[in-house]
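**Q** Once you've had a glance at the structure underneath, I'll fire off some questions.
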Amino acid sequence: MFVAIDQEGMMINVAEKKWSRQRLMKLRSERSFICPTCKQEVDLKIGSIIAAHFAHKKYGECSTVKGNYESEYHMKGKHDLYHWFHRQHGIESVQLEPYIQETRQRPDLYIEYNQRKIAIEYQCSTIDMRSFKKRSQLYKQEGISYLWILGAKTLTRVGKQSYQLSPFQWNFVIKKKNAAPYLYAYCPNLRSIIVLYHILPFSSRTVISEHKHYPLPATSFQDVMKLQTHNKGNLRKEWLQKIKKFRLKPPGFQSKQSSRFHQYLYQMVHLPPSYLPSYAFLPLVYNYIFESPVYVWQGLILLFIQSIPLYGSFRVHDVYYAISMRMNDGFITVRSLTEPVSFITAIDAYLKKLAVLKVVVFDEKELLKKVKEIRWITQMDELLLEDTKIISTI
Ligand SMILES: [Zn+2]
């Protein structure tokens with residue numbers, strides 16, 4: 001941490017530009033310091049590699065130190081971001097590790113921008129999910145916006161445009177209405193903010209996303225906050241590759257949930273999930289609501305539609321009900337999020353897309369008619385061609 005209290009009760013921020021090495025040496029020889037949160041003694045460390053900072057003499061239960069200890073990576077990142085925010089136009093104030101009376105929290109940074117108060121946390125280690133959620137709620141209650149920035153080293157890239165996101169990392173994902181979610185990360189080694197745009201989960205962990213680097217010196221806060229249009233062509237290619245891999249590669253280890261889905265599907269259509277129709281793999285912006293793989297919940301909706309006779313009608317509520325039953329018996333799970341969105345939103349978006357694809361039509365707002373039989377293609381070549389055809393129209 002960069003802020004401590006000296007023996008006279010003065011707040012000292014050693015990340016400020018005014019602190020030369022000589023002045024810091026003098027400061028250290030003249031004063032002693034305590035942590036503003038836990039009031040335990042801290043040492044002023046003046047190294048040549050990391051910026052000067054304070055460190056607890058012993059690591060106890062201090063809430064300033066998120067995770068077990070404050071890593072060099074975290075400190076470097078926080079230091080960079082602090083100075084970067086300082087240089088930004090339109091930002092009225094930047095505070096480092098301030099104590100927020102209203103929420104009794106000490107975020108890494110606190111800025112005022114456009115008359116909005118924004119607490120910024122730069123998180124490089126996994127902390128208890130409950131305390132994370134509580135922190136977000138407290139800010140919200142007090143009308144303080146918050147921005148979570150992930151330590152980029154915690155991101156696991158598994159393909160050109162795909163990543164593995166843990167349930168903890170999903171808390172950093174920002175959701176906007178009718179838009180695919182995105183997240184911010186910062187890498188102090190590259191000195192770049194990395195934005196993952198258009199995050200689309202394929203399975204519980206694997207997502208596809210387009211990433212963009214913003215080197216700090218050349219980037220403004222406004223640049224980063226602007227939602228960039230993503231390269232749809234590249235993402236479509238990556239998505240199709242995911243489907244292809246899934247169809248061609250026999251699944252290795254299976255969770256209890258997916259093996260149950262396998263069994264169920266086999267009972268219903270005598271086929272494994274690798275032969276699910278292309279309609280069970282639609283990449284839609286609200287897919288993140290479900291933690292279960294895309295083909296599981298979309299596949300179950302297709303099975304429901306299959307049970308309806310051709311030109312027969314059904315209500316959207318029948319689909320909600322069928323899926324909620326599947327949630328109750330553990331076939332499908334929804335993602336645990338700081339600000340949850342109802343699973344109905346994902347179902348509505350999916351049914352609308354099936355209407356665009358002319359599988360169903362909306363007779364009235366809540367009433368649907370099935371106008372196409374769900375075809376189960378058993379020739380793999382034909383099925384892969386069908387995937388390309390369907391996904392390209394979206
Ligand atoms: Zn402390």
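Labels for the structure tokens follow display order: chains A, B, ..., residues from 1 in each chain, ligands from 1.
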Using only C-alpha atoms and all ligand atoms, which residues have at least one atom no more than 7 Å from ligand 1? Output them as a list in words.
**A** Cys35, Pro36, Thr37, Cys38, Lys39, Gln40, His56, Cys62, Ser63 and Thr64 of chain A
**Q** Those same residues - N, CA and C atoms - I'd like them written as a PDB file, in the first residue's frame.
**A**
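Done, and the output landed in result_0.pdb:
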ATOM      1  N   CYS A  35      -0.832   1.573   9.771  1.00  0.00           N
ATOM      2  CA  CYS A  35      -1.803   1.316   8.698  1.00  0.00           C
ATOM      3  C   CYS A  35      -3.107   2.058   9.020  1.00  0.00           C
ATOM      4  N   PRO A  36      -3.681   2.784   8.059  1.00  0.00           N
ATOM      5  CA  PRO A  36      -4.912   3.536   8.337  1.00  0.00           C
ATOM      6  C   PRO A  36      -6.102   2.631   8.665  1.00  0.00           C
ATOM      7  N   THR A  37      -6.050   1.383   8.262  1.00  0.00           N
ATOM      8  CA  THR A  37      -7.195   0.497   8.501  1.00  0.00           C
ATOM      9  C   THR A  37      -7.073  -0.232   9.831  1.00  0.00           C
ATOM     10  N   CYS A  38      -5.990  -0.952  10.003  1.00  0.00           N
ATOM     11  CA  CYS A  38      -5.901  -1.824  11.185  1.00  0.00           C
ATOM     12  C   CYS A  38      -5.061  -1.209  12.310  1.00  0.00           C
ATOM     13  N   LYS A  39      -4.449  -0.070  12.016  1.00  0.00           N
ATOM     14  CA  LYS A  39      -3.646   0.674  13.002  1.00  0.00           C
ATOM     15  C   LYS A  39      -2.402  -0.083  13.491  1.00  0.00           C
ATOM     16  N   GLN A  40      -2.061  -1.133  12.764  1.00  0.00           N
ATOM     17  CA  GLN A  40      -0.813  -1.821  13.110  1.00  0.00           C
ATOM     18  C   GLN A  40       0.359  -1.098  12.462  1.00  0.00           C
ATOM     19  N   HIS A  56       2.967  -4.068   6.038  1.00  0.00           N
ATOM     20  CA  HIS A  56       2.709  -4.454   7.430  1.00  0.00           C
ATOM     21  C   HIS A  56       3.906  -5.228   7.969  1.00  0.00           C
ATOM     22  N   CYS A  62      -5.673  -7.733   8.143  1.00  0.00           N
ATOM     23  CA  CYS A  62      -5.919  -6.376   7.675  1.00  0.00           C
ATOM     24  C   CYS A  62      -6.674  -6.402   6.356  1.00  0.00           C
ATOM     25  N   SER A  63      -7.802  -5.665   6.308  1.00  0.00           N
ATOM     26  CA  SER A  63      -8.632  -5.709   5.105  1.00  0.00           C
ATOM     27  C   SER A  63      -8.031  -4.892   3.958  1.00  0.00           C
ATOM     28  N   THR A  64      -7.010  -4.081   4.240  1.00  0.00           N
ATOM     29  CA  THR A  64      -6.345  -3.343   3.162  1.00  0.00           C
ATOM     30  C   THR A  64      -5.656  -4.322   2.231  1.00  0.00           C
TER      31      THR A  64
END
**Q** So that I can check the surroundings of range 90-93 of chain A, please list as a list in words every protein, DNA and RNA residue that reaches within 10 Å of it, counting only C-alpha atoms and ignoring chain neighbours fewer than 3 positions away.
**A**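 Close residues of range 90-93 of chain A: Phe85, His86, Arg87, Tyr110, Ile111, Glu112, Tyr113, Asn114, Gln115, Arg116, Lys117, Phe221 and Gln222 of chain A.
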**Q** Only N, CA and C atoms, please: the residues just picked out, written as an mmCIF file, in the first residue's frame.
**A**
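The result, written out as part_6.cif:
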data_model
loop_
_atom_site.group_PDB
_atom_site.id
_atom_site.type_symbol
_atom_site.label_atom_id
_atom_site.label_comp_id
_atom_site.auth_asym_id
_atom_site.auth_seq_id
_atom_site.Cartn_x
_atom_site.Cartn_y
_atom_site.Cartn_z
ATOM 1 N N PHE A 85 -4.764 7.967 -14.037
ATOM 2 C CA PHE A 85 -6.002 8.710 -13.779
ATOM 3 C C PHE A 85 -5.701 10.182 -13.509
ATOM 4 N N HIS A 86 -4.578 10.441 -12.850
ATOM 5 C CA HIS A 86 -4.187 11.813 -12.564
ATOM 6 C C HIS A 86 -4.026 12.664 -13.815
ATOM 7 N N ARG A 87 -3.597 12.026 -14.878
ATOM 8 C CA ARG A 87 -3.320 12.762 -16.119
ATOM 9 C C ARG A 87 -4.572 12.970 -16.967
ATOM 10 N N TYR A 110 -10.109 5.959 -5.926
ATOM 11 C CA TYR A 110 -11.432 6.561 -5.840
ATOM 12 C C TYR A 110 -11.397 7.821 -6.682
ATOM 13 N N ILE A 111 -12.232 7.883 -7.705
ATOM 14 C CA ILE A 111 -12.174 9.056 -8.574
ATOM 15 C C ILE A 111 -13.527 9.743 -8.643
ATOM 16 N N GLU A 112 -13.481 11.027 -8.984
ATOM 17 C CA GLU A 112 -14.717 11.735 -9.273
ATOM 18 C C GLU A 112 -14.663 12.147 -10.724
ATOM 19 N N TYR A 113 -15.701 11.749 -11.440
ATOM 20 C CA TYR A 113 -15.714 11.941 -12.887
ATOM 21 C C TYR A 113 -17.146 12.243 -13.300
ATOM 22 N N ASN A 114 -17.318 13.361 -14.030
ATOM 23 C CA ASN A 114 -18.668 13.722 -14.492
ATOM 24 C C ASN A 114 -19.678 13.751 -13.344
ATOM 25 N N GLN A 115 -19.255 14.260 -12.211
ATOM 26 C CA GLN A 115 -20.070 14.316 -10.991
ATOM 27 C C GLN A 115 -20.476 12.932 -10.477
ATOM 28 N N ARG A 116 -19.752 11.926 -10.935
ATOM 29 C CA ARG A 116 -19.995 10.577 -10.419
ATOM 30 C C ARG A 116 -18.823 10.176 -9.563
ATOM 31 N N LYS A 117 -19.126 9.458 -8.491
ATOM 32 C CA LYS A 117 -18.058 8.929 -7.645
ATOM 33 C C LYS A 117 -17.829 7.481 -8.050
ATOM 34 N N PHE A 221 -8.959 7.831 -20.608
ATOM 35 C CA PHE A 221 -10.016 7.139 -19.871
ATOM 36 C C PHE A 221 -11.251 6.991 -20.767
ATOM 37 N N GLN A 222 -11.543 8.053 -21.523
ATOM 38 C CA GLN A 222 -12.709 8.031 -22.414
ATOM 39 C C GLN A 222 -12.556 6.952 -23.488
#
**Q** So, with only C-alpha atoms as the atoms that count, which of A:Ser324, A:His317, A:Leu310, A:Lys175 lies closest to Ile374 in chain A?
**A** A:Leu310
**Q** So how far away is CA of Glu72 in chain A from CA of Glu30 in chain A, in Å?
**A**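 Separation between CA of Glu30 in chain A and CA of Glu72 in chain A: 25.8 Å.
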**Q** Rounded to one decimal, what separation in Å do you get between CA of Val42 in chain A and CA of Met75 in chain A?
**A** 15.5 Å
**Q** Given only C-alpha atoms, how would the per-residue table for range 86-161 of chain A near range 10-23 of chain A read, listing every residue at most 12 Å away with its closest atom pair and distance in Å to one decimal, sorted by chain and number, as a tab-separated table?
**A**
residue	atom	partner	partner_atom	distance
A:His86	CA	A:Glu16	CA	10.3
A:Val94	CA	A:Glu16	CA	11.3
A:Gln95	CA	A:Asn13	CA	9.6
A:Leu96	CA	A:Asn13	CA	7.7
A:Glu97	CA	A:Asn13	CA	9.0
A:Pro98	CA	A:Met11	CA	10.0
A:Tyr99	CA	A:Met11	CA	11.2
**Q** With C-alpha atoms retained, export the selected residues as a PDB file, in the first residue's frame.
**A**
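The new file out.pdb reads:
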ATOM      1  CA  HIS A  86      -4.187  11.813 -12.564  1.00  0.00           C
ATOM      2  CA  VAL A  94      -8.149  10.902  -7.755  1.00  0.00           C
ATOM      3  CA  GLN A  95      -7.518   9.401  -4.359  1.00  0.00           C
ATOM      4  CA  LEU A  96      -5.290   6.472  -3.613  1.00  0.00           C
ATOM      5  CA  GLU A  97      -6.430   3.973  -0.982  1.00  0.00           C
ATOM      6  CA  PRO A  98      -8.890   6.417   0.582  1.00  0.00           C
ATOM      7  CA  TYR A  99     -11.144   5.464   3.451  1.00  0.00           C
TER       8      TYR A  99
END
**Q** Between A:Gln169, A:Asn231, A:Thr388, A:Thr378, which is the closest to Thr156 in chain A once you count only C-alpha atoms?
**A**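 Residue with the minimum atom-to-atom distance to Thr156 in chain A: A:Gln169.
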**Q** With distances taken over only C-alpha atoms, which of A:Glu373, A:His74, A:Thr345, A:Thr338 is nearest to Phe304 in chain A?
**A**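 Looking only at the distances to Phe304 in chain A, the closest residue turns out to be A:Glu373.
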**Q** Could you check which of A:Pro309, A:Pro107, A:Gly143, A:Gly151 is closest to Ser125 in chain A, using only C-alpha atoms?
**A**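 Ranked by minimum distance to Ser125 in chain A, first place goes to A:Gly151.
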**Q** Out of A:Arg191, A:Glu102, A:Lys140, A:Ile46, which residue has the shortest atom-to-atom distance to Thr219 in chain A when counting only C-alpha atoms?
**A**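 Smallest separation from Thr219 in chain A among the options: A:Arg191.
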**Q** Based on DSSP run over this structure's backbone, return all residues of range 103-187 of chain A in strand (DSSP E), as an NGL selection string.
**A** :A and (109-113 or 116-123 or 145-151 or 156-159 or 162-164 or 183-187)
**Q** If DSSP is run on the backbone, what residues of range 134-209 of chain A are alpha helix (DSSP H)? A reply as a PyMOL selection string would be ideal.
**A** chain A and resi 134-141
**Q** With a distance cut-off of 10 Å and only C-alpha atoms, select the neighbouring residues of Val296 in chain A, excluding the residue or stretch itself and same-chain residues fewer than 2 positions from it, and output the selection as an NGL selection string.
**A** :A and (203 or 257-258 or 261-262 or 265 or 273 or 276 or 280-281 or 290-294 or 298-302 or 331-332)
**Q** Leaving out Trp239 in chain A and any residue of its chain fewer than 4 positions from it, which residues lie within 8 Å of it when counting only C-alpha atoms, given as number ranges by chain?
**A** A: 208, 235, 243, 283
**Q** Those selected residues, please, written with N, CA and C atoms and delivered as a compact mmCIF listing (two decimals), in the first residue's frame.
**A**
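And here is the file that came out, out.txt:
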# COMPACT_ATOMS: atom_id res chain seq x y z
N ILE A 208 -15.72 -17.14 -25.64
CA ILE A 208 -15.00 -16.49 -26.73
C ILE A 208 -15.14 -15.00 -26.51
N LEU A 235 -15.07 -13.45 -34.52
CA LEU A 235 -15.75 -14.13 -33.42
C LEU A 235 -16.60 -15.29 -33.94
N ILE A 243 -17.75 -25.18 -31.89
CA ILE A 243 -18.80 -26.17 -32.16
C ILE A 243 -18.17 -27.40 -32.81
N PRO A 283 -25.04 -18.19 -30.62
CA PRO A 283 -24.29 -17.24 -29.78
C PRO A 283 -25.08 -15.95 -29.57
**Q** With distances taken over only C-alpha atoms, which of A:Ile193, A:Gln101, A:Gly330, A:Arg106 is nearest to Lys256 in chain A?
**A**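 Using only C-alpha atoms, Lys256 in chain A sits closest to A:Gly330.
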**Q** List the spatial neighbours of Met380 in chain A as a CSV table (one decimal) with N, CA and C atoms, in the first residue's frame - criterion: any atom at most 9 Å away, only C-alpha atoms, same-chain residues fewer than 3 positions off excluded.
**A**
chain,number,residue,atom,x,y,z
A,247,ARG,N,-18.1,-31.2,-31.6
A,247,ARG,CA,-18.8,-32.3,-32.3
A,247,ARG,C,-17.8,-33.4,-32.6
A,248,LEU,N,-16.5,-33.1,-32.9
A,248,LEU,CA,-15.6,-34.1,-33.4
A,248,LEU,C,-14.8,-34.8,-32.3
A,275,TYR,N,-24.4,-34.6,-31.7
A,275,TYR,CA,-25.3,-34.5,-32.9
A,275,TYR,C,-26.5,-33.6,-32.7
A,377,ILE,N,-29.7,-34.2,-37.8
A,377,ILE,CA,-28.8,-34.7,-38.9
A,377,ILE,C,-27.8,-35.7,-38.3
A,383,LEU,N,-23.8,-31.9,-41.0
A,383,LEU,CA,-24.1,-31.2,-39.8
A,383,LEU,C,-23.2,-30.0,-39.6
A,384,LEU,N,-21.9,-30.2,-40.0
A,384,LEU,CA,-21.0,-29.1,-39.9
A,384,LEU,C,-21.3,-28.0,-40.9
A,385,LEU,N,-21.7,-28.4,-42.1
A,385,LEU,CA,-22.1,-27.4,-43.1
A,385,LEU,C,-23.4,-26.6,-42.6
**Q** Give me the residues near range 178-185 of chain A as number ranges by chain, where near means some atom within 8 Å (using only C-alpha atoms) and where sequence neighbours in that chain fewer than 4 positions away do not count.
**A** A: 148-152, 172-174, 193-200, 284-286
**Q** Go ahead and write the selection's residues with N, CA and C atoms as a PDB file, in the first residue's frame.
**A**
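New file result32.pdb:
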ATOM      1  N   TRP A 148     -14.411  -2.639 -11.434  1.00  0.00           N
ATOM      2  CA  TRP A 148     -13.478  -3.692 -11.044  1.00  0.00           C
ATOM      3  C   TRP A 148     -12.518  -3.940 -12.196  1.00  0.00           C
ATOM      4  N   ILE A 149     -11.258  -3.906 -11.902  1.00  0.00           N
ATOM      5  CA  ILE A 149     -10.251  -4.186 -12.920  1.00  0.00           C
ATOM      6  C   ILE A 149      -9.484  -5.435 -12.482  1.00  0.00           C
ATOM      7  N   LEU A 150      -9.418  -6.381 -13.365  1.00  0.00           N
ATOM      8  CA  LEU A 150      -8.790  -7.654 -13.032  1.00  0.00           C
ATOM      9  C   LEU A 150      -7.294  -7.602 -13.319  1.00  0.00           C
ATOM     10  N   GLY A 151      -6.500  -8.229 -12.482  1.00  0.00           N
ATOM     11  CA  GLY A 151      -5.077  -8.387 -12.785  1.00  0.00           C
ATOM     12  C   GLY A 151      -4.954  -9.269 -14.019  1.00  0.00           C
ATOM     13  N   ALA A 152      -4.333  -8.737 -15.079  1.00  0.00           N
ATOM     14  CA  ALA A 152      -4.338  -9.465 -16.361  1.00  0.00           C
ATOM     15  C   ALA A 152      -3.667 -10.830 -16.266  1.00  0.00           C
ATOM     16  N   PHE A 172     -16.374  -9.740 -12.406  1.00  0.00           N
ATOM     17  CA  PHE A 172     -15.757  -8.554 -12.993  1.00  0.00           C
ATOM     18  C   PHE A 172     -16.396  -8.179 -14.325  1.00  0.00           C
ATOM     19  N   VAL A 173     -17.193  -9.102 -14.831  1.00  0.00           N
ATOM     20  CA  VAL A 173     -17.778  -8.900 -16.153  1.00  0.00           C
ATOM     21  C   VAL A 173     -18.893  -7.857 -16.057  1.00  0.00           C
ATOM     22  N   ILE A 174     -18.840  -6.899 -16.967  1.00  0.00           N
ATOM     23  CA  ILE A 174     -19.810  -5.799 -16.940  1.00  0.00           C
ATOM     24  C   ILE A 174     -20.933  -6.109 -17.925  1.00  0.00           C
ATOM     25  N   ILE A 193      -4.020  -1.553 -20.535  1.00  0.00           N
ATOM     26  CA  ILE A 193      -5.341  -2.007 -20.117  1.00  0.00           C
ATOM     27  C   ILE A 193      -5.814  -2.964 -21.204  1.00  0.00           C
ATOM     28  N   ILE A 194      -6.358  -4.096 -20.789  1.00  0.00           N
ATOM     29  CA  ILE A 194      -6.845  -5.075 -21.758  1.00  0.00           C
ATOM     30  C   ILE A 194      -8.348  -5.184 -21.563  1.00  0.00           C
ATOM     31  N   VAL A 195      -9.078  -4.992 -22.647  1.00  0.00           N
ATOM     32  CA  VAL A 195     -10.527  -5.121 -22.546  1.00  0.00           C
ATOM     33  C   VAL A 195     -10.948  -6.370 -23.306  1.00  0.00           C
ATOM     34  N   LEU A 196     -11.710  -7.210 -22.649  1.00  0.00           N
ATOM     35  CA  LEU A 196     -12.311  -8.357 -23.336  1.00  0.00           C
ATOM     36  C   LEU A 196     -13.716  -7.935 -23.728  1.00  0.00           C
ATOM     37  N   TYR A 197     -13.910  -7.773 -25.028  1.00  0.00           N
ATOM     38  CA  TYR A 197     -15.222  -7.359 -25.536  1.00  0.00           C
ATOM     39  C   TYR A 197     -16.032  -8.569 -25.953  1.00  0.00           C
ATOM     40  N   HIS A 198     -17.325  -8.403 -25.927  1.00  0.00           N
ATOM     41  CA  HIS A 198     -18.264  -9.368 -26.487  1.00  0.00           C
ATOM     42  C   HIS A 198     -17.993 -10.792 -25.966  1.00  0.00           C
ATOM     43  N   ILE A 199     -18.110 -10.924 -24.671  1.00  0.00           N
ATOM     44  CA  ILE A 199     -17.858 -12.226 -24.043  1.00  0.00           C
ATOM     45  C   ILE A 199     -19.059 -13.146 -24.254  1.00  0.00           C
ATOM     46  N   LEU A 200     -18.807 -14.284 -24.883  1.00  0.00           N
ATOM     47  CA  LEU A 200     -19.881 -15.258 -25.124  1.00  0.00           C
ATOM     48  C   LEU A 200     -19.458 -16.612 -24.583  1.00  0.00           C
ATOM     49  N   LEU A 284     -25.715 -15.818 -28.427  1.00  0.00           N
ATOM     50  CA  LEU A 284     -26.566 -14.645 -28.168  1.00  0.00           C
ATOM     51  C   LEU A 284     -26.069 -13.895 -26.930  1.00  0.00           C
ATOM     52  N   VAL A 285     -26.346 -12.599 -26.883  1.00  0.00           N
ATOM     53  CA  VAL A 285     -25.732 -11.759 -25.843  1.00  0.00           C
ATOM     54  C   VAL A 285     -26.120 -12.132 -24.401  1.00  0.00           C
ATOM     55  N   TYR A 286     -27.302 -12.726 -24.217  1.00  0.00           N
ATOM     56  CA  TYR A 286     -27.704 -13.054 -22.842  1.00  0.00           C
ATOM     57  C   TYR A 286     -27.361 -14.495 -22.432  1.00  0.00           C
TER      58      TYR A 286
END
